[in-house]
Each structure stands twice: as C-alpha cells, then as structure tokens.
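Enquirer: My questions all concern the structure below.
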Amino acid sequence: MAERKHDRKFVRTFFTTPTAVEGEEDSAKMLRGAVGLRGMKAPDVWVPDNEDATAPSMRDEGAENIVEVVAENGADFPGEIHPRVVWHRDSPATRYQGFKHMLQISDPERGAIEHIDGFVIPEVGDIDDWKKADEFITIVENEHGLEEGSIAMSVIIESGQAELAMGQLREEMGKPTNNLERLFLLVDGEVDYTKDMRAITPTGALPPWPELRHNTSRGASAAGLIAVDGPYDDIRDVEGYHERMTDNQAKGMLGIWSLTPGQVVEANQSPLPPENGSWLLDVGGRKVELESEDGVEIYDGNRLSLEETGDGYVLRVGGDGRELDEDELREELLDMTEYVPSMDDIVDSMEEFEAAKEAGRGAIAITQSATLRIDGVEIDVNKDRMWDEATYQAAMTPITLFQDVYRNRPDQHEELAEMYSEDVVERAMDVGA
Amino acid sequence: MAERKHDRKFVRTFFTTPTAVEGEEDSAKMLRGAVGLRGMKAPDVWVPDNEDATAPSMRDEGAENIVEVVAENGADFPGEIHPRVVWHRDSPATRYQGFKHMLQISDPERGAIEHIDGFVIPEVGDIDDWKKADEFITIVENEHGLEEGSIAMSVIIESGQAELAMGQLREEMGKPTNNLERLFLLVDGEVDYTKDMRAITPTGALPPWPELRHNTSRGASAAGLIAVDGPYDDIRDVEGYHERMTDNQAKGMLGIWSLTPGQVVEANQSPLPPENGSWLLDVGGRKVELESEDGVEIYDGNRLSLEETGDGYVLRVGGDGRELDEDELREELLDMTEYVPSMDDIVDSMEEFEAAKEAGRGAIAITQSATLRIDGVEIDVNKDRMWDEATYQAAMTPITLFQDVYRNRPDQHEELAEMYSEDVVERAMDVGA
Amino acid sequence: MAERKHDRKFVRTFFTTPTAVEGEEDSAKMLRGAVGLRGMKAPDVWVPDNEDATAPSMRDEGAENIVEVVAENGADFPGEIHPRVVWHRDSPATRYQGFKHMLQISDPERGAIEHIDGFVIPEVGDIDDWKKADEFITIVENEHGLEEGSIAMSVIIESGQAELAMGQLREEMGKPTNNLERLFLLVDGEVDYTKDMRAITPTGALPPWPELRHNTSRGASAAGLIAVDGPYDDIRDVEGYHERMTDNQAKGMLGIWSLTPGQVVEANQSPLPPENGSWLLDVGGRKVELESEDGVEIYDGNRLSLEETGDGYVLRVGGDGRELDEDELREELLDMTEYVPSMDDIVDSMEEFEAAKEAGRGAIAITQSATLRIDGVEIDVNKDRMWDEATYQAAMTPITLFQDVYRNRPDQHEELAEMYSEDVVERAMDVGA
C-alpha cells in the first residue's frame, strides 16, 4: 500500500454529533456530551456534524458551538477531531458557506483549531470539485498563518462521480497546483449515494453496494488513505452492524461510521482480534459457532448427527448419512471446521514464525487442537496451517491495527488490558517489530 | 447525479424489432406491428433493430423499412424512437455501413427523422471509438441541416473496452471537438460482452456480471445518462425477468431490454411501486411473502411454527425452538418481518414528512401495523421507521420515475389510474413538488 | 476483445517452481523435476520462481539454476517458460536486483534465453512502475542483441495501485516511449493483495475478491492480454479448487496458478468442456447433478419427492406438495433442470448451426432429451434452446480454447484423444473454421 502520512494509520470509528439542536436551552448540549467520551466509547475520529445532522437554520450557530466546545474541551479529547461542514458539487452557494464556516472555525484566536485535525467535506463530485475544497482549505491555512497542508481533508463518497474520482487520486495528489496530500479519510455515504444512483429496493432498505465499498477501499490503498463505511441506520440491530463490519473488513475497509456511543464501542472492538478463539462448524453451508465447555467444543444443533456403531460412525448432514471409520470421520470433521484465532493465538503464531525465521526456516506448521463433541460422541482433531512469510505478513494487519490503537489511544489501555490481559497486550506490542 | 439533459429522465423499456424479415410478403411487417403498440405494451424507447435482430443481407432493406414505417406512423408512437444501426470497433467497413444507414434514415425529405430521437450504436470500443460514431452523427446532422447535437446517441456496452470508457465520459463530454453531450442511454449487451470477456459457464447460461451492471449504472449517474440492462433471453421465465429487474433496480439500473410486448408490460411496471403493500417474513434466510386475508397477514409454510403455551409461546425456526413471552415474541417477529410499501403508502409517508418539515420538524416516525397469523396464533406488530430528509429524498426516486412516466406517456394514464386509482395518481403527481 | 498478439491465445495454467532449495545436494532439484513434466501435468506457462518461492539468500544461485536447467532442458519443455524475478514498487534495490537477474538469465551465450518466452514481474505499482520494468527488459534486449519487444512481460496484480493501472493499459500500450506491447499475462496475487488492502477475515482465510478478478479479466479483454487467478493454497481441497475455477471462468478468467503437478492437471482440464454431458436438478436453490444409469437420469436425494396418484402426480419440494397433471409436471421439471453439454454436444450444436446458417437460417432450436427418474417415477423431458449467431459465438469460447491447446500442446494429444475420442477431437478442430 502507499505510505499513509497521517498520525493514525487506522481509523475504526467515525462518530458524528449534531452541532446545534433547536429547542434546547444549550444548543451545544450534544457536542458537550460527545467531547466528554473516553475509552471504548470515544471514537478514533469525532465529527461535529454541521451538515446533515444539524438543521440548515442552525448551522451558523453550529459553527460557533464547534469553536466554543472544542476550544474549551478539545485538548482532552482522546481521538482526532474533524468537523463536517456543508458542501455540494452542484451548489456554489453551499460551497461558499462551507468555506466561510471553515474560515471561522479555524481562527487561531478562537483557540479551537489547535485541537482540530481536519475537516470533512460531504457531497464531493469529480476530482476538480475535490480540488475546490482543497483550495479553500489552503486559503484558510494561509489567512490564519497555519502551515500549508496541515489541516487534513476527508471526503464523503456519495455520488458516482466521486466514486470514479477515487481512481484518479494517485496521479492527482502529486500535482504542484494542489495540496491534495492533505487527504485523510474516504467515507462512503450510502444514503445519498443511493439517491444519486437512483436505486430502488422494494422495502426502501439501502442496497449493499459491494462494488462501491471495494472501490473505496482500493482508492484508499492506492493513495495512502483510510477507508470508512457509512452509517448503519438500524441502531438496535447490533448483530447486523457486526455482520456489516465483518463484510467490510474482508474488503479492507476497517473503519465505519457510528451514530451512537453504543455503536462506537462495537466498532472500536470489531476489527481487533477476539479475546478467545472459537471453532466454527460448516453444517450444510451454514457456519455454526461451537460452544466451548471444559475444553470441549460442543455442537448441539440438529442439522448434523453423529452416532457410534460397533465398528465405526454414522455421520448425518440433513438427511444424508455416511458410514465412516475413525480416520475418515476425523478427516471429514477437519474439512468441516474452521478455527477463529484469538489475539493470543495470533501473537503466539507470529512469535513462533519469527523464531523459525531467525533459525533459517521459511515455513512452519501451526497446529490448533480441539476435542469436538457431537451428540455425545467425542473426537480429537488437529488443524494444521502452513505459515510462510506471506501468511505472517497478512496476519500482521490486525496486530498493526492493535499497535496503532494502543499507541494513539492511552484512554483505552485499561479496557484493552482487561479484555486481553496485560501479558497478551505486551506481547502484541512487541511482535513484528 | 449529473443533470440529465434529455426529455426523458427515466427509461424503463428498450424494445427491439427486426427491421426486415426475409420470406414475408411485407418484410416490414414486424416494424408495422411494433409501431402500433400503445399503453403498457409500448416501450419508453423503441428500437427498430437494423443490427443483430436483422439478417445481414436484409439490412439495406431494413434501413428503407425504418424510413417508410416511421415516416408513416412515427408521429403517433407514444415512446421515443431510436433505430439501431451496425457498428463495430474492429471493422471500418461496418462503421462506414452504419454511417450510410444513418445518413439515409435521417434525410428530412423522407419524413422519418422528425419522429426519430436518436440512434443506437452497438459494439463500441474505447472512448475514441465512441467519438467516431459521434462525429458521423454530427456530419449527418450537418448534411441534413439538422441542429448539431439534436440526434441522441445511445451505445451498447458489450466489451471490456467500452466498460472502461464509461469511466471517462465525464471528462470527455465537455471537450470542444466532440458532441458527446448527445449521449442518452448506456445499454449492457451481455451476450456479446460474455464473448468479448471469453467467459464460460457449464450450461452455457450467461454469467450475472454484477460489476458490469454496477459500472454502467455509475457511468450513467456520473455523466447524466440512463442505464439499461441487456436482453433476458428466456421469454417464458417471467419470474426470472422480475428477479433480474429487482436486482438491477438495487444497482440504480432502472431500465431493461424487452424482446416481446409481454416483456415490455412487465418491464414498464416493474420499477413502479406496487398497487398493494405486502409483508415479508424472513424464515431461515428466505423471504416469504405473507398472504393477506381480511386484514390479517398469514404465514402457512412449515419452516416456522408458533404455539401458544399456558404462559407464553414457543417459536420454532427449522428445528430450533424458543420459549418467548408476548413482548419477546413481538420483538422477534418485528426483526423477522419487512414491509413492502405500496404507491399509496409511499405517497402517504412523503406527504406526512412534508407536513412535518413545514411545521419545523426534521424527522418523524412512520408506522406500519399488521396482525400476523402463524399456525392460527395471531400477534399484532407495529413497525416504525424514522424518516428524515435523506429517507425522503431516497424514497423520491420511484415517485420521480412515476411522474416522468405520467408526463411523457399519456397513453398509459388509463392503465395507471386503473392500477392505482385516480386519487393515488393525483397525489403522486403532487408530492415532492 | 482486443487482438491477442502472443503465440498462446489462452493460458490455463501458471505453475511456479522454487529456483534454489537450500540443504539439497542439488539446489536446482525442483527445477529439474518441473522441466521434465509432460502432458496434462505440464503447465501452459512454467514459472521458475526466483521471488517468493525461493529464500532471499538463495536467489542469486536461483538465477544461475534457471540458466543452467533451461539451457539444458528448455528446448523439450512443452509449455512456455517465464521466470519470475524480484521486483517491488517501493524498493529501488529490489528492482535493480530484478534487472540484474534478467540481464544474467537472458545472456544468449548461456543458451537459456532462446527457450525463455518472457519474465514475470511481481509487486508492480501504478502504470509508471510497470514502465520501469518494461524499460529494463528493453535494455536487456538491446544489450543482448535481441529484438526489441521479443521478451514478454507478465505482471502480478497484488496492490490497489496495480488494479487501477489495468484500466489504463489500452491508452498506455501504444505510446512511443515504451514497449508495453510486450505484456502477456495479468496474474492476480491475492495473498499480497490482501495485505496491501489491509483486509481481515476472522479465520485468516483469503477474501474472495470478486471485483479484483472482474477487473483483471476486463483489463485483459481490453488490452489483448490473458487473465490468470492467483494460487489456491489448500492443495488437498480439489473440490474447492474446481469451484474457484468455475467461478473464475464465469468472469472470463480462464487461467489459474498451480502449486503442484496435481493442481496443474486439474487446471489444464477445468476450462475444457466435459467428456460427458450431465443433467442438473435445482432442488430448493441447490443444484444437484443427476446420476446417469442406462440412459435414465436419476435423482436419489430426499429433498424432492414425486408420487404417482390415480389421475396425476404429487411433487414435493421440502415440505410443500403440489398436485400436477403430466404436462404440468413436465413443465415444472423442465424449469428445474439444466443441461451441462459435453464437448461432443457442443460440437454437434455448432455443426448443426453452421449447416443451418449455410442454408440461410439465422436461428435453430437445439433439443436435449432425457428420461428423469424421481422416486421410481419416470418422465421424459425435451429441453429446447434457441441458437442464433450470438449463441454460436459465445459457445465458441471453449472450442477456441481447445483448438489453441491442441495446436500448441502436442504432448497432450494422446490424453485429449483418450478423454474425448479421436473423432470428437477431429470434429472439434474443424468446427468454426
């Protein structure tokens, strides 16, 4: 991947907060609440949202609220701060309003800009539209005596134009007449993207847009940026949010928008390796997590059955039964199982591989053992996986992410140590160095 | 999305007709049949097809037939008329033949061109190949004293080259040495695309090509054009045609090729909201439409069972049963159900949101209520959905489509009023104004 | 598709071999084994791998081994020979090492280069990085008095940058300051791509990357190159390897990496039409291959049941039963079945269509008949498929592939004749001429 030039190499969470709420005694109440978040509830990137989350009539007041709240409390906020201002590829008035808000928020005499890491620009169009936003930020920097390029710029991808623009970043970012090196996050915005693409679903649910997410992840990889998925509206649906994140992670999109502190907690944890390993059994195309009890991994569903006969076993999947001897059964179960390694397991394997490499060996077998119990019958299996340099490098991604989190988020140290134990945390920080 | 400069903002149907059939007394018989179509059987775009649908030896006669039939009957045809001529990125002879046919068909003295909206160019290659076709049309316009750019150009995407070219349209369309602003439809042609990509499937069926369709939809969005999917060969398979259209619509591709008037009817209706709403139940990963009877939504499959016990319920999905009290059951069923709103429902919700917005509220809850019956047990559920400006805008797409249809297709007014009732049609035309 | 300028129009197999193994008496042992492969065990493209498969400390020796083994045995090797050298977009030292190895291997006085068809360059970045490799090869050619452009160049796509570069090949390959026309294979490298994209999966398995494979296939189609998928690590999992190849083929990616001679055999056969046709039955969303016995196609699973009643039939899928008369049953079964044609069937159909075309007919119906047996009940079905020019052209792909194999791989003639019979082979070579 291209070198990432930002302080953070990974961003798990992008949390937006309305900047001014009408009808409250203190219109900045929600900002004041959010700026106080700490630990797993605090996002990697906090976005005081002066665009869609805030009523149009409240946005001037919202810009003022950002200045006030960030000047007062920004120094202690554990994540980065990137306010979102208004912008639209089709509206010069909106773009000018966004410029004026950035100019106002960045005034060093007001004391907020020293805690602000960048701005988020929504509704960008093609690459020339991105350059307009970049130019306004350059002017803001110059007017306020800030170093050129010091304010990061993140964009929301919510149009076909912007999706295409991500393919051109690599060649545009080096050009002398822009400062696009300030780019930081590429954030998908599926609601407005759906509108721009004019997509329709029967229930009104958002389409999954797998190609958009791939292209965003690829754009980030090619240009040294960080990819973030858009909001997951159904706040109650924690399982759905996790499924979406797992799907994103397989695309290289490790960050996601969060709408509530509860979602922040889930999204901060999701890309980190689990505390405990687990075994999955593939039963007729579905992966079922086995229940671990006293070191035995138990399947208690009814789609699979196992029976001991005098001289072997009968294994039934759905209605189809097969007679197997012990070796065949073990082979069959090995093919049906997968192991999800814990943080501890990953660190173990990496240490083992590092030692082997130092001893001059290029590949080693890593073994996971388990006793499976199905219908009361127990079978021991050993799952081997060859580790070579490439496996090691690929396994490195979640560890590098963990190390980035640990270095940048001291406020999460306690929770991480509780989750993984001090020892595992320490070894995870040492591995791969 | 970029501004769409054509009379039609949406095209549901692209219907091709052979221009000259050998062995018939009147070789133009099929053209004469098609030009007489009205109402739901008449497509939004009618394509007298002087390419693949017509034998090579009949194409000169086909060009003549187009002139004759369109001059005589084109004035009364309710959709747009876009003949397809021959073209190939690899054959100058074919391209020259296509040019000559366009020149011939467009002669104002023959009386057809005043009813013709544009030409369809198949087998285009990279963007410079598109420019060759555009240039020929410019020469045709100039020779015949027609306004430059007045003849629309649609292309069939049936090569990897052309797929890539769609990523460059936005920057190429403004250039002074072409008239690519005349572009109208981007139509996928999966049969020849499959050949160009050299794809193989075991049964010889076409691959689904999801990425191509995404890229076509995105290209249309970015350049202000309209995306149309290719032909669905299995004419008898109405259900398959609908599934394909639903899949396309979730990608923002709202138009599709039709090979018969029967397919035209299906494709004209498919992107319009349904007449009646319906409830879907997710049973073990499959969505089943519930049967509505006297205001009760009934599940009568056997993958799910529900039983009332003395102090609660037992809900079984597949083999797994769970004991639930009434609130838990309701919560569970809410998670398993989705509602497909009718046109009436959508208009209702939009009116409600518009009223709320006028009263200064930015978000409202829209509730759908139902009584579900499973194994004779009845449970009432209320499904809430938050509507904000973004939800409203996204819900607008099918309504804008309806309005575009209603304005441009008076011949379908009667059928639409029958389907939705006069009242719903009227309110659908008023909403969002 | 763009014209493919190479001797091979298709490449099924890309087989890598370590160039120098430490601790062996003869470090070139594996090269000597691989160069001796013949017939179905010999790949279309053999890649002595002086990059990842060979320890860094052994690569200078590996380059020498390539020269020695290829000079001695390369003349008799039935496939093409394309050594992989080291390269990295981010490391000038690695690139310079790769250049020196190419210079060394290509020295005509050493006698290897006359049997070497090209080089494989891994870890390429954006298009300007590809040009650096191309320029080094030009210098190698010039230094050694070889014709400019005579050494092919294949690249491994293992970064987002390289994926994007494939969209620019068509415009870059004609430019006067490079010799990119030498490009041959675009090979996906999913392990390092996963690292570059920073993707994570729970078990550490590789993500499927469907968009990457689509884009590689499209890049190959647009630029006249050949697309090859990356290695399939789980060597024991033959079924999984086949599923991957079937999926690839539907994307137009007909070649795949092979890690063992066993995988080479599977991958050489996979894109060729099967020896025998077979019937598939779609049972509740799953396709089951019917067992053929004495001309009857038998379903013996238990998800579908068929019963004869006095005046008709009851067909049950899962739990849902329906009463049908004979015609309805036949219609229903027709919808549920698909036929996978054999090589013989495909050649038959093409011959039949060619004859019809000569007789002036543009479309014919091709019929496949079968007797289906379900629960002892037998029903005859006739499956019609319309063949027109487009169907014929699309069906041509596997035949053209076969013809390319047959012409270029005399060492496989015997095995192909055994598989298909002499007669079918002969007719397959004649069809479409």
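Residues in the structure tokens are numbered from 1 in each chain, the chains being A, B, ... in the order shown, and ligands are numbered from 1 in the order shown.
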Please list as a list in words every residue within 12 Å of Asp192 of chain B, counting only C-alpha atoms and excluding residues in the same chain fewer than 6 positions away.

Expert: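 Near Asp192 of chain B, the qualifying residues are Asp52, His88, Pro122, Glu123, Val124, Ile156, Ile157, Glu158, Ser159, Gly160, Ala162, Arg198, Ala199, Leu206, Pro207, Gly230 and Pro231 of chain B; Met1, Glu389, Ala390, Thr391, Tyr392, Gln393, Ala394, Ala395, Met396 and Thr397 of chain C.
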
Enquirer: What would the file look like if the residues just selected were written as a compact mmCIF listing (two decimals), in the first residue's frame with N, CA, C and O atoms?

Expert:
# COMPACT_ATOMS: atom_id res chain seq x y z
N ASP B 52 -28.23 -6.90 -34.96
CA ASP B 52 -28.32 -8.36 -34.72
C ASP B 52 -29.69 -9.00 -34.99
O ASP B 52 -29.76 -10.17 -35.38
N HIS B 88 -18.94 -1.60 -35.52
CA HIS B 88 -18.01 -2.45 -34.78
C HIS B 88 -16.66 -1.77 -34.63
O HIS B 88 -16.09 -1.29 -35.60
N PRO B 122 -24.09 -0.08 -31.55
CA PRO B 122 -23.64 -1.29 -30.82
C PRO B 122 -22.11 -1.44 -30.89
O PRO B 122 -21.44 -0.69 -31.64
N GLU B 123 -21.58 -2.36 -30.14
CA GLU B 123 -20.20 -2.85 -30.29
C GLU B 123 -19.16 -1.74 -30.26
O GLU B 123 -18.13 -1.83 -30.93
N VAL B 124 -19.43 -0.69 -29.47
CA VAL B 124 -18.42 0.36 -29.36
C VAL B 124 -17.22 -0.14 -28.57
O VAL B 124 -17.30 -1.06 -27.77
N ILE B 156 -24.30 0.40 -26.94
CA ILE B 156 -24.39 -0.90 -26.28
C ILE B 156 -22.99 -1.22 -25.74
O ILE B 156 -22.01 -1.22 -26.47
N ILE B 157 -22.96 -1.49 -24.44
CA ILE B 157 -21.71 -1.82 -23.77
C ILE B 157 -21.55 -3.32 -23.86
O ILE B 157 -22.21 -4.08 -23.15
N GLU B 158 -20.69 -3.77 -24.77
CA GLU B 158 -20.52 -5.23 -24.92
C GLU B 158 -19.05 -5.60 -25.12
O GLU B 158 -18.73 -6.57 -25.81
N SER B 159 -18.19 -4.82 -24.47
CA SER B 159 -16.76 -5.13 -24.48
C SER B 159 -16.13 -4.53 -23.24
O SER B 159 -16.66 -3.56 -22.67
N GLY B 160 -15.03 -5.12 -22.81
CA GLY B 160 -14.29 -4.58 -21.69
C GLY B 160 -13.84 -3.15 -21.96
O GLY B 160 -13.84 -2.30 -21.06
N ALA B 162 -15.36 -0.86 -23.74
CA ALA B 162 -16.47 0.07 -23.57
C ALA B 162 -16.81 0.25 -22.09
O ALA B 162 -17.17 1.35 -21.66
N ARG B 198 -14.59 -13.61 -22.97
CA ARG B 198 -14.24 -15.02 -23.09
C ARG B 198 -14.68 -15.84 -21.88
O ARG B 198 -13.97 -16.75 -21.45
N ALA B 199 -15.84 -15.52 -21.35
CA ALA B 199 -16.33 -16.24 -20.17
C ALA B 199 -17.00 -17.54 -20.58
O ALA B 199 -17.54 -17.66 -21.68
N LEU B 206 -25.73 -17.22 -19.42
CA LEU B 206 -24.94 -16.00 -19.27
C LEU B 206 -24.50 -15.83 -17.82
O LEU B 206 -25.30 -16.04 -16.91
N PRO B 207 -23.27 -15.41 -17.60
CA PRO B 207 -22.86 -15.03 -16.23
C PRO B 207 -23.67 -13.80 -15.78
O PRO B 207 -24.18 -13.06 -16.62
N GLY B 230 -29.32 -5.47 -20.50
CA GLY B 230 -29.47 -6.19 -21.76
C GLY B 230 -30.64 -7.15 -21.78
O GLY B 230 -31.42 -7.22 -20.82
N PRO B 231 -30.80 -7.88 -22.88
CA PRO B 231 -31.95 -8.76 -23.06
C PRO B 231 -31.96 -9.93 -22.09
O PRO B 231 -30.91 -10.45 -21.70
N MET C 1 -13.02 -8.48 -28.15
CA MET C 1 -11.79 -8.31 -27.36
C MET C 1 -10.68 -7.78 -28.26
O MET C 1 -10.72 -7.97 -29.48
N GLU C 389 -26.70 -16.50 -34.01
CA GLU C 389 -25.28 -16.18 -34.21
C GLU C 389 -24.59 -15.88 -32.88
O GLU C 389 -23.46 -16.32 -32.64
N ALA C 390 -25.28 -15.15 -32.01
CA ALA C 390 -24.66 -14.77 -30.74
C ALA C 390 -24.42 -15.99 -29.84
O ALA C 390 -23.36 -16.11 -29.22
N THR C 391 -25.41 -16.90 -29.80
CA THR C 391 -25.24 -18.14 -29.02
C THR C 391 -24.04 -18.92 -29.55
O THR C 391 -23.22 -19.45 -28.80
N TYR C 392 -24.00 -18.97 -30.86
CA TYR C 392 -22.91 -19.70 -31.52
C TYR C 392 -21.55 -19.10 -31.17
O TYR C 392 -20.61 -19.81 -30.82
N GLN C 393 -21.48 -17.80 -31.22
CA GLN C 393 -20.21 -17.11 -30.93
C GLN C 393 -19.80 -17.34 -29.47
O GLN C 393 -18.63 -17.56 -29.18
N ALA C 394 -20.78 -17.27 -28.57
CA ALA C 394 -20.44 -17.45 -27.15
C ALA C 394 -20.02 -18.89 -26.87
O ALA C 394 -19.09 -19.14 -26.10
N ALA C 395 -20.68 -19.85 -27.55
CA ALA C 395 -20.32 -21.26 -27.36
C ALA C 395 -18.93 -21.54 -27.92
O ALA C 395 -18.28 -22.52 -27.55
N MET C 396 -18.48 -20.65 -28.77
CA MET C 396 -17.18 -20.82 -29.43
C MET C 396 -16.02 -20.72 -28.45
O MET C 396 -14.96 -21.31 -28.68
N THR C 397 -16.18 -20.01 -27.35
CA THR C 397 -15.03 -19.77 -26.46
C THR C 397 -14.35 -21.07 -26.01
O THR C 397 -13.13 -21.22 -26.20

Enquirer: Can you list every residue of chain B that has an atom at most 8 Å from chain C, with its nearest atom pair and the distance in Å to one decimal, using only C-alpha atoms, ordered by chain then number, as a tab-separated table?

Expert:
residue	atom	partner	partner_atom	distance
B:Ala55	CA	C:Gly362	CA	7.2
B:Ser159	CA	C:Met1	CA	6.6
B:Gly160	CA	C:Arg218	CA	5.0
B:Gln161	CA	C:Ala222	CA	4.6
B:Leu164	CA	C:Gly167	CA	6.6
B:Val191	CA	C:Ala390	CA	6.6
B:Asp192	CA	C:Ala390	CA	6.8
B:Thr194	CA	C:Ala394	CA	6.8
B:Lys195	CA	C:Ala394	CA	5.0
B:Asp196	CA	C:Met1	CA	4.7
B:Met197	CA	C:Gly252	CA	5.1
B:Arg198	CA	C:Gly252	CA	4.9
B:Ala199	CA	C:Gly252	CA	3.6
B:Ile200	CA	C:Gln249	CA	5.2
B:Thr201	CA	C:Ala250	CA	5.5
B:Pro202	CA	C:Val340	CA	5.5
B:Thr203	CA	C:Val340	CA	4.5
B:Gly204	CA	C:Ala395	CA	6.9
B:Pro207	CA	C:Ala250	CA	5.5
B:Trp209	CA	C:Lys251	CA	7.5
B:Glu211	CA	C:Glu211	CA	6.9
B:Gly301	CA	C:Asp320	CA	7.7
B:Asn302	CA	C:Gly319	CA	6.8

Enquirer: Report as a PyMOL selection string all protein, DNA and RNA residues lying within 9 Å of Tyr299 of chain A, evaluated on only C-alpha atoms, omitting residues in the same chain fewer than 6 positions from it.

Expert: chain A and resi 281+288-291+372-375

Enquirer: Hey, what does DSSP flag as helix (DSSP H, G or I) within segment 221-423 of chain A? Can you give it to me as number ranges by chain?

Expert: A: 221-223, 238-249, 261-269, 326-336, 343-358, 389-408, 410-420, 422-423

Enquirer: From segment 101-194 of chain C, collect each residue whose DSSP state is strand (DSSP E) and return the set as a list in words.

Expert: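 Selecting the strand (DSSP E) positions of segment 101-194 of chain C gives Gly118, Phe119, Val120, Ile121, Ala152, Met153, Ser154, Val155, Ile156, Ile157, Leu183, Phe184, Leu185, Leu186, Val187 and Asp188 of chain C.
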
Enquirer: Measuring atom to atom with only C-alpha atoms, identify which of B:Val187, B:Leu225, B:Ala53, B:Val69 is nearest to Gly33 of chain B.

Expert: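 Closest to Gly33 of chain B of all the choices is B:Val69.
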
Enquirer: So that I can check the surroundings of Phe77 of chain C, please list as a PyMOL selection string every protein, DNA and RNA residue that reaches within 8 Å of it, counting only C-alpha atoms and ignoring chain neighbours fewer than 4 positions away.

Expert: chain C and resi 35-38+73

Enquirer: Just the residues within 8 Å of Glu415 of chain C, please, counting only C-alpha atoms, with nothing from its chain fewer than 3 positions along; format it as a list in words.

Expert: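 The residues that qualify are Gly39, Met40, Gln412, Glu418 and Met419 of chain C.
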
Enquirer: Write the selection just made, keeping C-alpha atoms, as a PDB file, in the first residue's frame?

Expert:
ATOM      1  CA  GLY C  39       1.165 -33.898 -20.969  1.00  0.00           C
ATOM      2  CA  MET C  40      -1.593 -32.841 -18.596  1.00  0.00           C
ATOM      3  CA  GLN C 412      -1.404 -33.525 -24.630  1.00  0.00           C
ATOM      4  CA  GLU C 418      -8.404 -40.669 -24.727  1.00  0.00           C
ATOM      5  CA  MET C 419     -10.715 -38.271 -22.961  1.00  0.00           C
TER       6      MET C 419
END

Enquirer: Mind checking which residues fall within 12 Å of Leu416 of chain B, counting only C-alpha atoms, ignoring those fewer than 6 positions away in the same chain, and posting them as a PyMOL selection string?

Expert: chain B and resi 39-40+268-269+272-275+343+402-403+405-406+409-410+422-426+428-429

Enquirer: Since we have the selection now, will you write its residues out, keeping N, CA, C and O atoms, as a compact mmCIF listing (two decimals), in the first residue's frame?

Expert:
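After the write, out-v1.txt holds the following:
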# COMPACT_ATOMS: atom_id res chain seq x y z
N GLY B 39 -49.93 2.10 -24.78
CA GLY B 39 -50.14 1.79 -23.36
C GLY B 39 -48.98 0.98 -22.79
O GLY B 39 -47.82 1.15 -23.19
N MET B 40 -49.29 0.10 -21.85
CA MET B 40 -48.24 -0.64 -21.17
C MET B 40 -47.45 -1.54 -22.11
O MET B 40 -46.34 -1.94 -21.79
N ASN B 268 -42.29 -2.24 -17.96
CA ASN B 268 -42.88 -0.93 -17.72
C ASN B 268 -43.41 -0.83 -16.29
O ASN B 268 -43.39 0.24 -15.68
N GLN B 269 -43.91 -1.94 -15.76
CA GLN B 269 -44.50 -1.92 -14.42
C GLN B 269 -43.47 -2.11 -13.32
O GLN B 269 -43.64 -1.59 -12.21
N LEU B 272 -42.18 0.68 -10.98
CA LEU B 272 -43.22 1.47 -10.32
C LEU B 272 -43.60 0.80 -9.00
O LEU B 272 -43.63 -0.43 -8.92
N PRO B 273 -43.89 1.58 -7.97
CA PRO B 273 -44.28 0.97 -6.69
C PRO B 273 -45.51 0.09 -6.88
O PRO B 273 -46.34 0.37 -7.74
N PRO B 274 -45.66 -0.96 -6.06
CA PRO B 274 -46.79 -1.87 -6.24
C PRO B 274 -48.11 -1.20 -5.85
O PRO B 274 -48.13 -0.21 -5.13
N GLU B 275 -49.17 -1.79 -6.35
CA GLU B 275 -50.51 -1.30 -6.06
C GLU B 275 -50.82 -1.51 -4.57
O GLU B 275 -51.37 -0.63 -3.92
N MET B 343 -47.61 2.16 -3.56
CA MET B 343 -47.56 3.55 -4.02
C MET B 343 -48.30 4.46 -3.04
O MET B 343 -47.80 5.52 -2.66
N PHE B 402 -42.28 7.74 -11.54
CA PHE B 402 -43.71 7.72 -11.88
C PHE B 402 -44.12 9.02 -12.55
O PHE B 402 -44.84 9.03 -13.55
N GLN B 403 -43.66 10.13 -12.00
CA GLN B 403 -44.05 11.44 -12.55
C GLN B 403 -43.52 11.61 -13.98
O GLN B 403 -44.20 12.14 -14.85
N VAL B 405 -42.93 9.19 -16.07
CA VAL B 405 -43.78 8.32 -16.91
C VAL B 405 -45.10 9.01 -17.20
O VAL B 405 -45.55 9.08 -18.35
N TYR B 406 -45.72 9.54 -16.14
CA TYR B 406 -47.05 10.11 -16.31
C TYR B 406 -47.03 11.30 -17.27
O TYR B 406 -47.90 11.45 -18.11
N ARG B 409 -46.05 9.80 -20.96
CA ARG B 409 -46.79 8.68 -21.56
C ARG B 409 -48.29 8.78 -21.30
O ARG B 409 -48.87 7.96 -20.59
N PRO B 410 -48.97 9.79 -21.91
CA PRO B 410 -50.42 9.90 -21.73
C PRO B 410 -51.15 8.62 -22.12
O PRO B 410 -52.21 8.32 -21.58
N GLU B 422 -57.52 6.85 -9.37
CA GLU B 422 -57.30 8.25 -9.80
C GLU B 422 -56.70 9.08 -8.66
O GLU B 422 -55.82 9.90 -8.86
N ASP B 423 -57.23 8.83 -7.47
CA ASP B 423 -56.83 9.62 -6.32
C ASP B 423 -55.34 9.47 -6.01
O ASP B 423 -54.62 10.45 -5.81
N VAL B 424 -54.88 8.22 -5.99
CA VAL B 424 -53.47 7.98 -5.68
C VAL B 424 -52.59 8.59 -6.78
O VAL B 424 -51.56 9.21 -6.48
N VAL B 425 -53.01 8.44 -8.03
CA VAL B 425 -52.23 9.02 -9.13
C VAL B 425 -52.09 10.52 -8.95
O VAL B 425 -51.00 11.09 -9.07
N GLU B 426 -53.20 11.16 -8.61
CA GLU B 426 -53.18 12.62 -8.47
C GLU B 426 -52.25 13.05 -7.34
O GLU B 426 -51.45 13.98 -7.51
N ALA B 428 -49.78 11.34 -6.14
CA ALA B 428 -48.39 11.01 -6.52
C ALA B 428 -47.81 12.07 -7.45
O ALA B 428 -46.60 12.32 -7.44
N MET B 429 -48.67 12.70 -8.26
CA MET B 429 -48.17 13.75 -9.15
C MET B 429 -47.90 15.05 -8.39
O MET B 429 -47.11 15.88 -8.83

Enquirer: Have a look at atom CA of Asp234 of chain A and atom CA of Val377 of chain B and let me know their distance in Å, one decimal.

Expert: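 Computing the Euclidean distance for atom CA of Asp234 of chain A and atom CA of Val377 of chain B yields 28.1 Å.
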
Enquirer: Tell me which of A:Ser421, A:Thr371, A:Ser154, A:Thr337 sits closest to Asp282 of chain A, counting only C-alpha atoms.

Expert: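 With only C-alpha atoms as the atom set, the closest residue is A:Thr337.
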
Enquirer: If we count only C-alpha atoms and set the cut-off at 7 Å, which residues sit around Leu31 of chain C, ignoring sequence neighbours fewer than 5 positions away in its own chain? Please answer as a list in words.

Expert: Thr17, Pro18, Thr19, Pro48 and Val69 of chain C

Enquirer: Of the candidates B:Met245, B:Met336, B:Ala63, B:Val70, which one gets nearest to Gly285 of chain B if we count only C-alpha atoms?

Expert: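 That would be B:Met336, the residue with the smallest distance to Gly285 of chain B.
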